[in-house]
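Structure file run_22.pdb with PDB, C-alpha atoms and all ligand atoms:
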```
ATOM      1  CA  MET A   1      19.283 166.959  52.603  1.00  0.00           C
ATOM      2  CA  ASN A   2      19.074 163.809  54.654  1.00  0.00           C
ATOM      3  CA  ILE A   3      19.651 160.278  53.381  1.00  0.00           C
ATOM      4  CA  LEU A   4      15.972 159.288  53.601  1.00  0.00           C
ATOM      5  CA  PHE A   5      14.964 162.321  51.506  1.00  0.00           C
ATOM      6  CA  HIS A   6      17.554 161.474  48.838  1.00  0.00           C
ATOM      7  CA  PHE A   7      16.426 157.852  48.636  1.00  0.00           C
ATOM      8  CA  LEU A   8      12.686 158.574  48.507  1.00  0.00           C
ATOM      9  CA  PHE A   9      13.023 161.463  46.046  1.00  0.00           C
ATOM     10  CA  ASN A  10      15.236 159.410  43.739  1.00  0.00           C
ATOM     11  CA  TYR A  11      12.974 156.357  44.023  1.00  0.00           C
ATOM     12  CA  LEU A  12       9.915 158.360  42.972  1.00  0.00           C
ATOM     13  CA  PHE A  13      11.839 160.104  40.178  1.00  0.00           C
ATOM     14  CA  VAL A  14      13.233 156.808  38.835  1.00  0.00           C
ATOM     15  CA  ASP A  15       9.722 155.364  38.980  1.00  0.00           C
ATOM     16  CA  ILE A  16       8.354 158.238  36.890  1.00  0.00           C
ATOM     17  CA  VAL A  17      11.136 157.961  34.294  1.00  0.00           C
ATOM     18  CA  PHE A  18      11.664 154.180  34.123  1.00  0.00           C
ATOM     19  CA  GLY A  19       8.266 153.036  35.410  1.00  0.00           C
ATOM     20  CA  ASN A  20       9.535 150.210  37.627  1.00  0.00           C
ATOM     21  CA  ALA A  21      11.731 151.594  40.415  1.00  0.00           C
ATOM     22  CA  TRP A  22      10.803 148.667  42.692  1.00  0.00           C
ATOM     23  CA  ASP A  23      12.974 146.437  40.466  1.00  0.00           C
ATOM     24  CA  TYR A  24      15.941 148.719  41.177  1.00  0.00           C
ATOM     25  CA  LEU A  25      15.260 149.340  44.884  1.00  0.00           C
ATOM     26  CA  VAL A  26      18.747 148.382  46.116  1.00  0.00           C
ATOM     27  CA  VAL A  27      20.494 150.199  43.251  1.00  0.00           C
ATOM     28  CA  VAL A  28      18.440 153.350  43.906  1.00  0.00           C
ATOM     29  CA  PHE A  29      19.197 153.206  47.644  1.00  0.00           C
ATOM     30  CA  VAL A  30      22.943 152.617  47.263  1.00  0.00           C
ATOM     31  CA  PHE A  31      23.507 155.295  44.628  1.00  0.00           C
ATOM     32  CA  SER A  32      21.195 157.790  46.336  1.00  0.00           C
ATOM     33  CA  VAL A  33      23.231 157.765  49.553  1.00  0.00           C
ATOM     34  CA  LEU A  34      26.713 156.802  48.329  1.00  0.00           C
ATOM     35  CA  ILE A  35      27.850 160.387  47.827  1.00  0.00           C
ATOM     36  CA  ASP A  36      27.056 161.246  51.435  1.00  0.00           C
ATOM     37  CA  LEU A  37      29.830 158.862  52.507  1.00  0.00           C
ATOM     38  CA  THR A  38      32.119 161.746  51.568  1.00  0.00           C
ATOM     39  CA  HIS A  39      30.919 163.406  54.809  1.00  0.00           C
ATOM     40  CA  LEU A  40      32.836 160.761  56.811  1.00  0.00           C
ATOM     41  CA  PRO A  41      36.183 162.629  56.960  1.00  0.00           C
ATOM     42  CA  TYR A  42      34.296 165.676  58.292  1.00  0.00           C
ATOM     43  CA  LEU A  43      32.390 163.561  60.837  1.00  0.00           C
ATOM     44  CA  LEU A  44      35.619 161.983  62.055  1.00  0.00           C
ATOM     45  CA  ARG A  45      37.196 165.458  62.337  1.00  0.00           C
ATOM     46  CA  VAL A  46      34.399 167.163  64.308  1.00  0.00           C
ATOM     47  CA  ARG A  47      32.989 164.084  66.135  1.00  0.00           C
ATOM     48  CA  LYS A  48      31.006 165.356  69.132  1.00  0.00           C
ATOM     49  CA  ASP A  49      30.764 168.916  67.775  1.00  0.00           C
ATOM     50  CA  VAL A  50      28.700 167.827  64.757  1.00  0.00           C
ATOM     51  CA  MET A  51      25.441 169.163  66.250  1.00  0.00           C
ATOM     52  CA  LYS A  52      27.098 172.539  66.817  1.00  0.00           C
ATOM     53  CA  LYS A  53      28.960 172.730  63.477  1.00  0.00           C
ATOM     54  CA  ARG A  54      26.217 170.978  61.442  1.00  0.00           C
ATOM     55  CA  PHE A  55      26.420 169.980  57.772  1.00  0.00           C
ATOM     56  CA  GLY A  56      27.322 173.135  55.880  1.00  0.00           C
ATOM     57  CA  SER A  57      29.430 173.425  52.775  1.00  0.00           C
ATOM     58  CA  GLY A  58      32.536 172.764  54.883  1.00  0.00           C
ATOM     59  CA  SER A  59      31.313 169.233  55.592  1.00  0.00           C
ATOM     60  CA  ARG A  60      31.761 168.209  51.972  1.00  0.00           C
ATOM     61  CA  THR A  61      34.833 166.950  50.202  1.00  0.00           C
ATOM     62  CA  ARG A  62      35.677 167.750  46.588  1.00  0.00           C
ATOM     63  CA  PHE A  63      33.787 164.595  45.585  1.00  0.00           C
ATOM     64  CA  HIS A  64      30.529 166.180  46.817  1.00  0.00           C
ATOM     65  CA  GLU A  65      30.904 169.192  44.497  1.00  0.00           C
ATOM     66  CA  ILE A  66      31.304 169.718  40.720  1.00  0.00           C
ATOM     67  CA  TYR A  67      34.689 167.979  40.862  1.00  0.00           C
ATOM     68  CA  GLY A  68      32.925 164.797  42.040  1.00  0.00           C
ATOM     69  CA  LEU A  69      30.044 165.197  39.610  1.00  0.00           C
ATOM     70  CA  THR A  70      32.530 165.416  36.745  1.00  0.00           C
ATOM     71  CA  LEU A  71      34.440 162.382  37.987  1.00  0.00           C
ATOM     72  CA  PHE A  72      31.274 160.284  38.516  1.00  0.00           C
ATOM     73  CA  SER A  73      29.977 161.347  35.089  1.00  0.00           C
ATOM     74  CA  ALA A  74      33.159 160.174  33.385  1.00  0.00           C
ATOM     75  CA  VAL A  75      33.005 156.805  35.211  1.00  0.00           C
ATOM     76  CA  ILE A  76      29.330 156.396  34.280  1.00  0.00           C
ATOM     77  CA  CYS A  77      30.086 157.075  30.607  1.00  0.00           C
ATOM     78  CA  VAL A  78      32.641 154.242  30.621  1.00  0.00           C
ATOM     79  CA  LEU A  79      30.319 151.886  32.546  1.00  0.00           C
ATOM     80  CA  TYR A  80      27.531 152.639  30.056  1.00  0.00           C
ATOM     81  CA  LEU A  81      29.617 150.987  27.347  1.00  0.00           C
ATOM     82  CA  VAL A  82      30.030 147.773  29.374  1.00  0.00           C
ATOM     83  CA  PHE A  83      26.939 147.190  31.537  1.00  0.00           C
ATOM     84  CA  ASP A  84      23.150 147.227  31.135  1.00  0.00           C
ATOM     85  CA  PRO A  85      22.271 150.752  29.957  1.00  0.00           C
ATOM     86  CA  ILE A  86      19.049 150.780  32.009  1.00  0.00           C
ATOM     87  CA  ILE A  87      20.856 150.113  35.298  1.00  0.00           C
ATOM     88  CA  ILE A  88      23.573 152.627  34.410  1.00  0.00           C
ATOM     89  CA  GLY A  89      20.809 155.137  33.613  1.00  0.00           C
ATOM     90  CA  VAL A  90      19.231 154.533  37.028  1.00  0.00           C
ATOM     91  CA  ILE A  91      22.627 154.947  38.726  1.00  0.00           C
ATOM     92  CA  ALA A  92      23.379 158.128  36.774  1.00  0.00           C
ATOM     93  CA  MET A  93      19.969 159.583  37.606  1.00  0.00           C
ATOM     94  CA  CYS A  94      20.388 158.866  41.328  1.00  0.00           C
ATOM     95  CA  ILE A  95      23.842 160.460  41.439  1.00  0.00           C
ATOM     96  CA  VAL A  96      22.869 163.542  39.427  1.00  0.00           C
ATOM     97  CA  LEU A  97      19.667 164.051  41.461  1.00  0.00           C
ATOM     98  CA  HIS A  98      21.667 163.834  44.693  1.00  0.00           C
ATOM     99  CA  PHE A  99      24.028 166.573  43.504  1.00  0.00           C
ATOM    100  CA  ALA A 100      21.103 168.670  42.230  1.00  0.00           C
ATOM    101  CA  ILE A 101      19.096 168.436  45.470  1.00  0.00           C
ATOM    102  CA  ASP A 102      22.126 169.284  47.603  1.00  0.00           C
ATOM    103  CA  PHE A 103      23.002 172.222  45.359  1.00  0.00           C
ATOM    104  CA  LEU A 104      19.453 173.563  45.151  1.00  0.00           C
ATOM    105  CA  THR A 105      18.610 173.267  48.854  1.00  0.00           C
ATOM    106  CA  GLY A 106      21.867 173.857  50.712  1.00  0.00           C
ATOM    107  CA  LYS A 107      25.058 175.836  50.851  1.00  0.00           C
ATOM    108  CA  SER A 108      27.841 174.547  48.681  1.00  0.00           C
ATOM    109  CA  MET A 109      31.259 175.468  47.361  1.00  0.00           C
ATOM    110  CA  PRO A 110      30.739 174.208  43.799  1.00  0.00           C
ATOM    111  CA  PHE A 111      34.302 174.803  42.622  1.00  0.00           C
ATOM    112  CA  TYR A 112      36.004 173.463  45.771  1.00  0.00           C
ATOM    113  CA  PRO A 113      38.966 172.806  46.061  1.00  0.00           C
ATOM    114  CA  TYR A 114      39.826 175.464  43.432  1.00  0.00           C
ATOM    115  CA  SER A 115      37.606 178.118  45.026  1.00  0.00           C
ATOM    116  CA  LYS A 116      36.060 178.331  48.480  1.00  0.00           C
ATOM    117  CA  LYS A 117      33.331 180.721  47.271  1.00  0.00           C
ATOM    118  CA  GLU A 118      30.125 179.570  48.975  1.00  0.00           C
ATOM    119  CA  VAL A 119      26.872 179.534  46.999  1.00  0.00           C
ATOM    120  CA  PHE A 120      23.349 179.426  48.417  1.00  0.00           C
ATOM    121  CA  LEU A 121      20.466 179.778  45.960  1.00  0.00           C
ATOM    122  CA  ARG A 122      17.863 180.647  48.653  1.00  0.00           C
ATOM    123  CA  ILE A 123      15.370 178.152  47.246  1.00  0.00           C
ATOM    124  CA  SER A 124      15.084 176.538  50.665  1.00  0.00           C
ATOM    125  CA  PRO A 125      14.892 178.422  53.983  1.00  0.00           C
ATOM    126  CA  TYR A 126      18.107 179.981  55.283  1.00  0.00           C
ATOM    127  CA  GLY A 127      17.674 179.826  59.076  1.00  0.00           C
ATOM    128  CA  TYR A 128      18.549 176.622  60.913  1.00  0.00           C
ATOM    129  CA  LYS A 129      15.111 176.042  62.470  1.00  0.00           C
ATOM    130  CA  GLU A 130      13.327 176.879  59.220  1.00  0.00           C
ATOM    131  CA  LYS A 131      15.659 174.553  57.308  1.00  0.00           C
ATOM    132  CA  ILE A 132      14.951 171.705  59.766  1.00  0.00           C
ATOM    133  CA  LEU A 133      11.195 172.301  59.405  1.00  0.00           C
ATOM    134  CA  PHE A 134      11.460 172.403  55.600  1.00  0.00           C
ATOM    135  CA  GLU A 135      13.546 169.209  55.526  1.00  0.00           C
ATOM    136  CA  THR A 136      11.244 167.406  57.990  1.00  0.00           C
ATOM    137  CA  PHE A 137       8.071 168.413  56.153  1.00  0.00           C
ATOM    138  CA  SER A 138       9.424 167.541  52.706  1.00  0.00           C
ATOM    139  CA  THR A 139      10.753 164.184  53.951  1.00  0.00           C
ATOM    140  CA  ILE A 140       7.386 163.311  55.531  1.00  0.00           C
ATOM    141  CA  LEU A 141       5.677 164.283  52.267  1.00  0.00           C
ATOM    142  CA  LEU A 142       7.998 161.938  50.361  1.00  0.00           C
ATOM    143  CA  VAL A 143       7.337 159.122  52.882  1.00  0.00           C
ATOM    144  CA  VAL A 144       3.598 159.513  52.241  1.00  0.00           C
ATOM    145  CA  LEU A 145       4.081 159.558  48.451  1.00  0.00           C
ATOM    146  CA  PHE A 146       6.412 156.541  48.684  1.00  0.00           C
ATOM    147  CA  TRP A 147       3.917 154.670  50.854  1.00  0.00           C
ATOM    148  CA  LEU A 148       1.103 155.424  48.438  1.00  0.00           C
ATOM    149  CA  LYS A 149       3.233 154.122  45.564  1.00  0.00           C
ATOM    150  CA  VAL A 150       4.859 151.090  47.233  1.00  0.00           C
ATOM    151  CA  GLY A 151       1.866 150.226  49.426  1.00  0.00           C
ATOM    152  CA  SER A 152      -0.109 149.368  46.314  1.00  0.00           C
ATOM    153  CA  LEU A 153       2.732 147.081  45.181  1.00  0.00           C
ATOM    154  CA  VAL A 154       3.223 145.278  48.511  1.00  0.00           C
ATOM    155  CA  LEU A 155      -0.374 144.954  49.751  1.00  0.00           C
TER     156      LEU A 155
HETATM  157 ZN    ZN B 201      24.720 164.988  49.807  1.00  0.00          ZN
END
```
Can you dump the structure from the file as structure tokens?
Amino acid sequence: MNILFHFLFNYLFVDIVFGNAWDYLVVVFVFSVLIDLTHLPYLLRVRKDVMKKRFGSGSRTRFHEIYGLTLFSAVICVLYLVFDPIIIGVIAMCIVLHFAIDFLTGKSMPFYPYSKKEVFLRISPYGYKEKILFETFSTILLVVLFWLKVGSLVL
């Protein structure tokens, strides 16, 4: 999924669980999109061909699969002992939700680099055009929900 989807979905989820996501806006944004920085090596490798090759499971490093989830989880457990448990909870939720959304809606190689077996759960559409429509529609829906939520805070 795209960065905007991850941020908006995580913001709304954090707001439901913690009740005050606006107070953690920057934290939610940073830790909702941080994992997608692992696409950079792929982007640098394919450069101009990115529209042709797209963002399949091959665009992810090991840190965008279960290997990364395990590593981030271990770091979060240590940070939980030192920092504010609420902020660490928000960070953990954003990271776990990012992994979950990517796994549920896209193709992944969960055990990469130990196995290159690709998994697709078929929860979201398979075809490229259908996937773009699904992603666009769901992102617009989240923008509306976010605006309804934040609009009442700002206005
Ligand atoms: Zn991702």
Given the PyMOL selection byres (((chain A and resi 142) around 12) and not hetatm) and the file above, list the residues it selects as a PyMOL selection string.
chain A and resi 4-13+135-141+143-150
Of the residues A:Leu121, A:Ile88, A:Ile101, A:Val30, which is the one nearest to A:Asn2, using all atoms listed in the file?
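Using all atoms listed in the file, A:Asn2 sits closest to A:Ile101.
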Would you mind listing the residues within 8 Å of ligand ZN 201 (chain B), counting all atoms listed in the file, as a list in words?
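Checking all atoms listed in the file against ligand ZN 201 (chain B) at 8 Å gives Met1, Asn2, Ile3, Val33, Ile35, Asp36, His64, His98, Phe99, Ile101 and Asp102 of chain A.
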Just C-alpha atoms for this one: save the residues we selected as a PDB file, in the coordinates of the input.
```
ATOM      1  CA  MET A   1      19.283 166.959  52.603  1.00  0.00           C
ATOM      2  CA  ASN A   2      19.074 163.809  54.654  1.00  0.00           C
ATOM      3  CA  ILE A   3      19.651 160.278  53.381  1.00  0.00           C
ATOM      4  CA  VAL A  33      23.231 157.765  49.553  1.00  0.00           C
ATOM      5  CA  ILE A  35      27.850 160.387  47.827  1.00  0.00           C
ATOM      6  CA  ASP A  36      27.056 161.246  51.435  1.00  0.00           C
ATOM      7  CA  HIS A  64      30.529 166.180  46.817  1.00  0.00           C
ATOM      8  CA  HIS A  98      21.667 163.834  44.693  1.00  0.00           C
ATOM      9  CA  PHE A  99      24.028 166.573  43.504  1.00  0.00           C
ATOM     10  CA  ILE A 101      19.096 168.436  45.470  1.00  0.00           C
ATOM     11  CA  ASP A 102      22.126 169.284  47.603  1.00  0.00           C
TER      12      ASP A 102
END
```
Determine, counting all atoms listed in the file, which protein, DNA and RNA residues have an atom within 10 Å of an atom of A:Gly89; residues of the same chain fewer than 3 positions away are not included. Present the result as a PyMOL selection string.
chain A and resi 14+18+76-77+80+84-86+92-95
Restricting the calculation to only C-alpha atoms: of A:Thr61, A:Lys107, A:Val26, A:Phe55, which residue gets closest to A:Ser124?
A:Lys107
In Å and to one decimal, atom CA of A:Lys131 is distant from atom CA of A:Leu104 by 12.8 Å
What does the PyMOL selection byres (((chain A and resi 114) around 12) and not hetatm) select in this file, as a PyMOL selection string?
chain A and resi 61-62+65-67+109-113+115-118
Between atom CA of A:His39 and atom CA of A:Trp22, what is the distance in Å, rounded to a tenth?
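Those two atoms sit 27.7 Å apart.
Rounded to one decimal, atom CA of A:Val28 and atom CA of A:Ile87 lie 9.5 Å from each other.
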If you count all atoms listed in the file, which residues fall within 10 Å of A:Ile123, apart from same-chain ones fewer than 2 positions away, as a ChimeraX atom specification?
/A:103-106,120-121,125-126
